[in-house]
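Input: a single structure, listed below in structure tokens.
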Amino acid sequence: MTPEETTVLAEAAVEAVREASRQGRLVTSQDVLAALEADGTFLAPVGLESKEQPPLAEDLCALLAGILAESQEIASFESLSGGRTLYHAPALLSRTYARILDRKGFPLQLMVEEIRSNSRDYPRPVPVELFEAPPFDLTPEEIEHALKALAASPDHQDITFTTAPTGALYLFSTLHLERGYATFLAQRAESLVMNP
Amino acid sequence: MTTTDGGFAGKVLRVDLSTGKISTQDTREKYGAVLGGTGLGYQVLWEEVPAGTNAFDPGNKIVFATGVLAGTGVPCNGRTAVTCLFPTCWPKHLVGSGHMGGNFAAKLKYAGYDALIVEGKADRPVWIFIRDNRVELRDASRLWGSGIRRANLEISQEMGADCSVAAIGQAGEKLAPMAIVSNSLSHSAGGVGGVMGSKNLKAIGVQGSGAVRIAGDKGQWEQLIKFHLSILGGNNQHVVPSFPTPQSEYYNPGSRWVGEPGKRWGAADPPVEITGNIFDLNRIAYRTNTAAFFLGDGAWKHTVRGNGCTACPIRCHTVLSVPAVEAKYGIKKSAQNTCAGLFFGRTFFKSMPGGFKGPESLEACMVGMHLADDLGVWCNYGQLQRDFLKLQREGLLKAKLGAKEYNSIAWDKFEAADPAFLFDILPRIGERRGELGHVLSQGTAGLFSQWGISEEYWSRDHNAVYWKMGHPKHHANEDDGQCGVIINTQYNRDSQCHSHSNFVRNGLPLAVQKKLAAETWGSPDAVDAVGDYTPMNVHKARRARWSLVRKELHDCLGLCNWMGPWVASPLKERGYRGDDSLESRFYSLATGQKVDREGLDLMGERIFTLHRALTMRDMGEPDMRARHDTVPPWVFEDLSGAAPFTKGTIRMDRADIALAMDLFYEVMGWDKATGAPTKEAYARLGLSDVGKTLAESNLVPGSKA
């Protein structure tokens, strides 16, 4: 490919990721390849129409992965389900939201990641109702099942809960929040509706 | 006619109710140095209301003052400061201000006035008619005894639909210190209604056909407004939504930004579903639903729309429609308000059957708004209800009231958390009926002066959160450690300052808050994680100073300190920065008088210091540190015994708070021993004459002969 062709291809690949992010989707390099093939923009810049032996899809994906890795606009991470690199444009689809999307089929991991990151970064415990609302959209049964599994899992013994005087259940990670402080923060969170 | 470069309407209207004289003054010439709003009110009181005046004396003056940015296109500009000697202040009435939003400020500016000064006392009930240059005192006899809604309706019918009416209810007429004046049905200023009542002033109706001139370049003005809109979050400038979004790295379940695609204003006809990108500027008004935040998700289906002030896209007064209350209580199905006014009703109860976000709570809130917003009863930021509950819990009501009166109260309804109880208790207070109504309508001061309860006893209670001088805490150590404590020591009513709390509650992670704090106040140590407080440092003192100065600036410019300042934003691409120079940039463009951030802050400091001087003069007190800037005992206790500076306590340390006051006085240029502004401080702020007057009374450090 000429440098000009590379530039055109890179822009098209980044735009394919951007478009997916606008739509709230994460994409793999295969998805990007499919998008570029679908609108013909992939083949044109690299002159593939004239070649007798079309390149393997894996090679094309590797090429796209290299291009996307160079882009300042695009972020990537390994999918929770393994073996896939997922791409998104953080300006359009935040890193936080991207990870929630990736974990949507895995209630336990979805909850663990959110609980730990909230305890670490803000810091705060999170109300259990959070996971029933979008974008988590877990059912009460899924939440209950996940909480039971967490309690039995040696890898997740840091995930625990505190109950506010209102009866609201708040979840937190002892890796990042002491119990007493988490209890204080849960009480405070519940008190905000009386402290305008 | 007075000309002005811009921003100012140009004239201050003065109405003497005793003589009927109506006159005007040039705003810039007379009050330009104090901008408007509270500054203008403080100056009037300083110059014209002598020490020793009682709030209900005809000699007290009540100043309705807007600011340079009121009535323009600047977002969040609808504020009117109502300043007078404040009747809930105990044991002596001192300067204070109520603050109302709505449309009154803009209408007053369009009529040509930056402020209205009301003095004297009418010999019969009157209301003030203002239509541009035509200003009249009109008879209010037929309105006397009626609620705020009827007064508003009748005056609106007389003036025309485009007027704004600020009226008092029965509470104000009966000189209750706990009375409001309210415009646009729900936009109230607390504590000042009784002062209007003492002057036989039922209402002010205002209508204006003019406009506010902008002196600067129109393109720059429009651009700055668009920029301002871009850095707005939700109510209280919570800059992250309560739910994760693709557009933001952060969210906060405690955020007042609760509106998201899929939510519906279910009682709108037809219902409105929120769609599109909630970060779009055209979607700002969908972000806030105060009712859903305070009353729970169930409020969405009762939401008609958001209401609010002139030019404010936040719309924090949620209009609710709850048909059930029509049938159950015989009241209108719709009501609107925000924050403490919204949940006025439910807080009279120990608990509600479905919790404070359940359907019973919603009904109590509807009944509360129906009664309080019409009678014109003020809650003093919830202190009325906290006092009532404490009195009842501790058997003090039974002890203080005669058996006949006590037994006449519908305690069965109170115990059952039946909203119908409010039909008993609120008219007693609003109409000052019986011993109970007479005392509670005075605010906490009534408990001290009428029933001999000691202030020291009251100020120990962790639930009552009483602070001092008749007022409660307002975003103190529970939100912002030492910074909150300092701010709560400074006023003669609850501080009404949100500069600090809007920042600590903005929803950003601590690391981002600290980064912004370092840029704005010089160190990441200017802010702590809530309940994980570190020892005092000078950066916190600087932030307290900044918070107070910006609060006064907003109150003088007509801006909303419930939304500003705007040092944080929802914008990821700006690193969640807002813009700390926004107010000065707007001021410069509006007036044509170029002032930078520091210059405008200096004006704010002048105004804040004038409040201090006025308080000292009227108290006759040189030692403000010991006699005014006090902190209640509950701040220094933790019921579980936790020590200060341990995680999970809001308990403060006495020595550390003493240091906090030292550092605060130091950054203000005040005397550390007494907390009194020095001669040099007055001179630096252009208040040498004020300092000289106080020095003659030995109220300036070192002035004693």
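By order of appearance in the structure tokens: chains A, B, ..., then residues from 1 within every chain, and ligands from 1 in the order shown.
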
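Selecting chain A residues within 6 Å of chain B and counting only C-alpha atoms yields A:Leu92, A:Leu93, A:Ser94, A:Thr96, A:Tyr97, A:Asp121, A:Tyr122, A:Tyr181, A:Phe184, A:Val193, A:Pro196.
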
Write the selection just made, keeping all heavy atoms, as a JSON list (two decimals), in the first residue's frame?
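What landed in selection22.json:
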```json
[["chain", "number", "residue", "atom", "x", "y", "z"],
["A", 92, "LEU", "N", -16.90, 8.93, 22.13],
["A", 92, "LEU", "CA", -18.31, 8.64, 21.82],
["A", 92, "LEU", "C", -18.89, 7.54, 22.70],
["A", 92, "LEU", "O", -20.09, 7.50, 22.93],
["A", 92, "LEU", "CB", -18.43, 8.22, 20.35],
["A", 92, "LEU", "CG", -17.96, 9.26, 19.34],
["A", 92, "LEU", "CD1", -17.76, 8.63, 17.97],
["A", 92, "LEU", "CD2", -18.98, 10.39, 19.25],
["A", 93, "LEU", "N", -18.03, 6.68, 23.16],
["A", 93, "LEU", "CA", -18.46, 5.55, 23.99],
["A", 93, "LEU", "C", -17.40, 5.38, 25.07],
["A", 93, "LEU", "O", -16.30, 4.89, 24.79],
["A", 93, "LEU", "CB", -18.59, 4.28, 23.13],
["A", 93, "LEU", "CG", -19.04, 3.01, 23.83],
["A", 93, "LEU", "CD1", -20.44, 3.16, 24.41],
["A", 93, "LEU", "CD2", -19.02, 1.84, 22.85],
["A", 94, "SER", "N", -17.73, 5.81, 26.27],
["A", 94, "SER", "CA", -16.71, 5.89, 27.32],
["A", 94, "SER", "C", -16.15, 4.53, 27.69],
["A", 94, "SER", "O", -16.76, 3.49, 27.44],
["A", 94, "SER", "CB", -17.32, 6.55, 28.56],
["A", 94, "SER", "OG", -18.30, 5.71, 29.13],
["A", 96, "THR", "N", -15.77, 3.38, 30.63],
["A", 96, "THR", "CA", -16.63, 2.77, 31.66],
["A", 96, "THR", "C", -17.81, 2.07, 31.02],
["A", 96, "THR", "O", -18.12, 0.92, 31.33],
["A", 96, "THR", "CB", -17.16, 3.88, 32.60],
["A", 96, "THR", "OG1", -16.04, 4.57, 33.15],
["A", 96, "THR", "CG2", -18.02, 3.30, 33.71],
["A", 97, "TYR", "N", -18.45, 2.76, 30.09],
["A", 97, "TYR", "CA", -19.64, 2.20, 29.45],
["A", 97, "TYR", "C", -19.26, 0.99, 28.59],
["A", 97, "TYR", "O", -20.00, 0.00, 28.54],
["A", 97, "TYR", "CB", -20.30, 3.27, 28.58],
["A", 97, "TYR", "CG", -21.76, 3.01, 28.31],
["A", 97, "TYR", "CD1", -22.73, 3.37, 29.25],
["A", 97, "TYR", "CD2", -22.18, 2.42, 27.13],
["A", 97, "TYR", "CE1", -24.07, 3.14, 29.01],
["A", 97, "TYR", "CE2", -23.52, 2.19, 26.88],
["A", 97, "TYR", "CZ", -24.47, 2.56, 27.82],
["A", 97, "TYR", "OH", -25.80, 2.34, 27.58],
["A", 121, "ASP", "N", -12.57, 4.29, 43.10],
["A", 121, "ASP", "CA", -12.36, 5.58, 42.44],
["A", 121, "ASP", "C", -13.08, 6.75, 43.10],
["A", 121, "ASP", "O", -12.56, 7.86, 43.10],
["A", 121, "ASP", "CB", -12.81, 5.51, 40.99],
["A", 121, "ASP", "CG", -11.98, 4.50, 40.20],
["A", 121, "ASP", "OD1", -10.84, 4.21, 40.64],
["A", 121, "ASP", "OD2", -12.47, 3.99, 39.18],
["A", 122, "TYR", "N", -14.29, 6.55, 43.59],
["A", 122, "TYR", "CA", -15.05, 7.75, 43.99],
["A", 122, "TYR", "C", -14.72, 8.27, 45.38],
["A", 122, "TYR", "O", -14.55, 9.49, 45.51],
["A", 122, "TYR", "CB", -16.54, 7.48, 43.81],
["A", 122, "TYR", "CG", -16.90, 7.44, 42.34],
["A", 122, "TYR", "CD1", -16.90, 6.24, 41.63],
["A", 122, "TYR", "CD2", -17.15, 8.62, 41.65],
["A", 122, "TYR", "CE1", -17.18, 6.22, 40.27],
["A", 122, "TYR", "CE2", -17.45, 8.61, 40.29],
["A", 122, "TYR", "CZ", -17.46, 7.40, 39.60],
["A", 122, "TYR", "OH", -17.74, 7.38, 38.26],
["A", 181, "TYR", "N", -16.41, 2.90, 56.97],
["A", 181, "TYR", "CA", -16.52, 4.04, 56.06],
["A", 181, "TYR", "C", -17.61, 3.78, 55.02],
["A", 181, "TYR", "O", -18.38, 4.68, 54.67],
["A", 181, "TYR", "CB", -15.17, 4.28, 55.38],
["A", 181, "TYR", "CG", -15.10, 5.58, 54.60],
["A", 181, "TYR", "CD1", -15.68, 6.75, 55.08],
["A", 181, "TYR", "CD2", -14.45, 5.63, 53.37],
["A", 181, "TYR", "CE1", -15.61, 7.94, 54.37],
["A", 181, "TYR", "CE2", -14.36, 6.81, 52.65],
["A", 181, "TYR", "CZ", -14.96, 7.96, 53.15],
["A", 181, "TYR", "OH", -14.89, 9.14, 52.44],
["A", 184, "PHE", "N", -20.89, 4.47, 56.61],
["A", 184, "PHE", "CA", -21.09, 5.92, 56.67],
["A", 184, "PHE", "C", -21.54, 6.47, 55.31],
["A", 184, "PHE", "O", -22.49, 7.25, 55.22],
["A", 184, "PHE", "CB", -19.79, 6.61, 57.10],
["A", 184, "PHE", "CG", -19.76, 8.09, 56.85],
["A", 184, "PHE", "CD1", -20.32, 8.98, 57.76],
["A", 184, "PHE", "CD2", -19.19, 8.60, 55.68],
["A", 184, "PHE", "CE1", -20.31, 10.34, 57.52],
["A", 184, "PHE", "CE2", -19.19, 9.96, 55.42],
["A", 184, "PHE", "CZ", -19.74, 10.85, 56.35],
["A", 193, "VAL", "N", -31.64, 12.75, 50.19],
["A", 193, "VAL", "CA", -33.01, 13.18, 49.83],
["A", 193, "VAL", "C", -33.66, 13.98, 50.97],
["A", 193, "VAL", "O", -34.76, 14.50, 50.80],
["A", 193, "VAL", "CB", -33.92, 12.00, 49.45],
["A", 193, "VAL", "CG1", -33.38, 11.29, 48.24],
["A", 193, "VAL", "CG2", -34.12, 11.05, 50.61],
["A", 196, "PRO", "N", -31.27, 18.85, 51.26],
["A", 196, "PRO", "CA", -31.20, 19.49, 49.94],
["A", 196, "PRO", "C", -30.13, 20.57, 49.86],
["A", 196, "PRO", "O", -29.86, 21.08, 48.81],
["A", 196, "PRO", "CB", -32.58, 20.08, 49.76],
["A", 196, "PRO", "CG", -33.04, 20.40, 51.13],
["A", 196, "PRO", "CD", -32.44, 19.32, 52.01]]
```

Q) Leaving out Arg14 in chain B and any residue of its chain fewer than 6 positions from it, which residues lie within 7 Å of it when counting only C-alpha atoms, given as number ranges by chain? A) B: 22-24, 116-118

Q) Near Gln170 in chain B, within 10 Å and counting only C-alpha atoms, which residues show up once chain neighbours fewer than 4 positions away are dropped, as a PyMOL selection string? A) chain B and resi 144-148+174-176+179-180+193-194+197+202+374-377+427+429-432

Residue selection dump (C-alpha atoms) as a short mmCIF file (atom, residue, chain, number, x, y, z; two decimals), in the first residue's frame:
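To be explicit, this is the file written out as again-v2.cif:
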```
data_model
loop_
_atom_site.label_atom_id
_atom_site.label_comp_id
_atom_site.auth_asym_id
_atom_site.auth_seq_id
_atom_site.Cartn_x
_atom_site.Cartn_y
_atom_site.Cartn_z
CA TRP B 144 -55.95 40.74 53.13
CA GLY B 145 -56.67 37.43 54.78
CA SER B 146 -56.33 35.47 51.57
CA GLY B 147 -53.60 33.09 50.56
CA ILE B 148 -50.81 33.67 48.10
CA LYS B 174 -49.80 38.01 60.93
CA LEU B 175 -46.15 38.95 61.24
CA ALA B 176 -44.88 35.42 61.53
CA ALA B 179 -43.17 33.60 56.56
CA ILE B 180 -42.28 33.74 52.91
CA GLY B 193 -42.88 37.70 54.53
CA GLY B 194 -43.59 39.00 58.03
CA GLY B 197 -46.86 42.11 56.62
CA LYS B 202 -49.60 42.33 50.64
CA ASP B 374 -50.57 29.38 50.05
CA LEU B 375 -50.39 30.27 53.74
CA GLY B 376 -46.85 31.42 53.07
CA VAL B 377 -45.17 29.41 55.80
CA PRO B 427 -52.88 26.49 59.55
CA ILE B 429 -48.61 27.88 62.36
CA GLY B 430 -49.52 29.99 59.35
CA GLU B 431 -52.37 31.76 61.07
CA ARG B 432 -50.50 31.82 64.38
#
```

Q. Leaving out range 157-164 of chain B and any residue of its chain fewer than 2 positions from it, which residues lie within 7 Å of it when counting only C-alpha atoms, given as a PyMOL selection string?
A. chain B and resi 103-104+107+153-155+166+183-184+205-207

Q | Shell around Val635 in chain B at 8 Å using only C-alpha atoms, local window under 4 positions removed, as number ranges by chain | A | B: 477, 631, 650-652

Within range 62-142 of chain A, find each residue whose DSSP state, derived from the backbone, is strand (DSSP E), and express the selection as a tab-separated table (two decimals) with C-alpha atoms, in the first residue's frame.
```tsv
chain	number	residue	atom	x	y	z
A	75	ALA	CA	-9.25	2.45	22.65
A	76	SER	CA	-9.19	-1.31	22.93
A	77	PHE	CA	-9.41	-3.97	25.59
A	78	GLU	CA	-9.63	-7.72	25.83
A	85	THR	CA	-9.97	-7.47	21.26
A	86	LEU	CA	-12.79	-4.94	21.37
A	87	TYR	CA	-12.53	-1.43	19.98
A	88	HIS	CA	-14.41	1.75	20.72
A	126	VAL	CA	-23.33	1.34	45.31
A	127	PRO	CA	-27.03	0.71	45.95
```

Q.
Taking only C-alpha atoms into account, name the residue in A:Leu130, A:Ala91, A:Ala65, A:Ile143 that is nearest to Glu19 in chain A.
A. A:Ala91

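Shortest separation to Ala151 in chain A among A:Asp137, A:Ala189, A:Leu108, A:Ser119 occurs at residue A:Leu108, atoms counted being only C-alpha atoms.
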
Q: Please give the complete set of residues from range 422-609 of chain B that DSSP, run on the backbone, assigns to helix (DSSP H, G or I), formatted as a count of residues only.
A: 105

Q. What's the 12 Å shell around Trp378 in chain B, counting only C-alpha atoms, without same-chain residues fewer than 6 positions away, as a PyMOL selection string?
A. chain B and resi 88+98+168-172+176-182+186-194+340-341+344-345+368-369+371-372+384-385+426+429-430+440-443

Q) So which residues touch Glu360 in chain B within 10 Å, counting only C-alpha atoms, skipping near sequence neighbours fewer than 4 positions away, as a list in words? A)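 Answer for this query is Arg346, Met352, Pro353, Gly354, Gly355, Phe356, Ala364, Cys365, Met366, Ala417, Asp418 and Pro419 of chain B.
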
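In this comparison, which uses only C-alpha atoms, the residue of A:Cys61, A:Ala164, A:Ala89, A:Leu169 approaching Thr183 in chain A most closely is A:Ala164.
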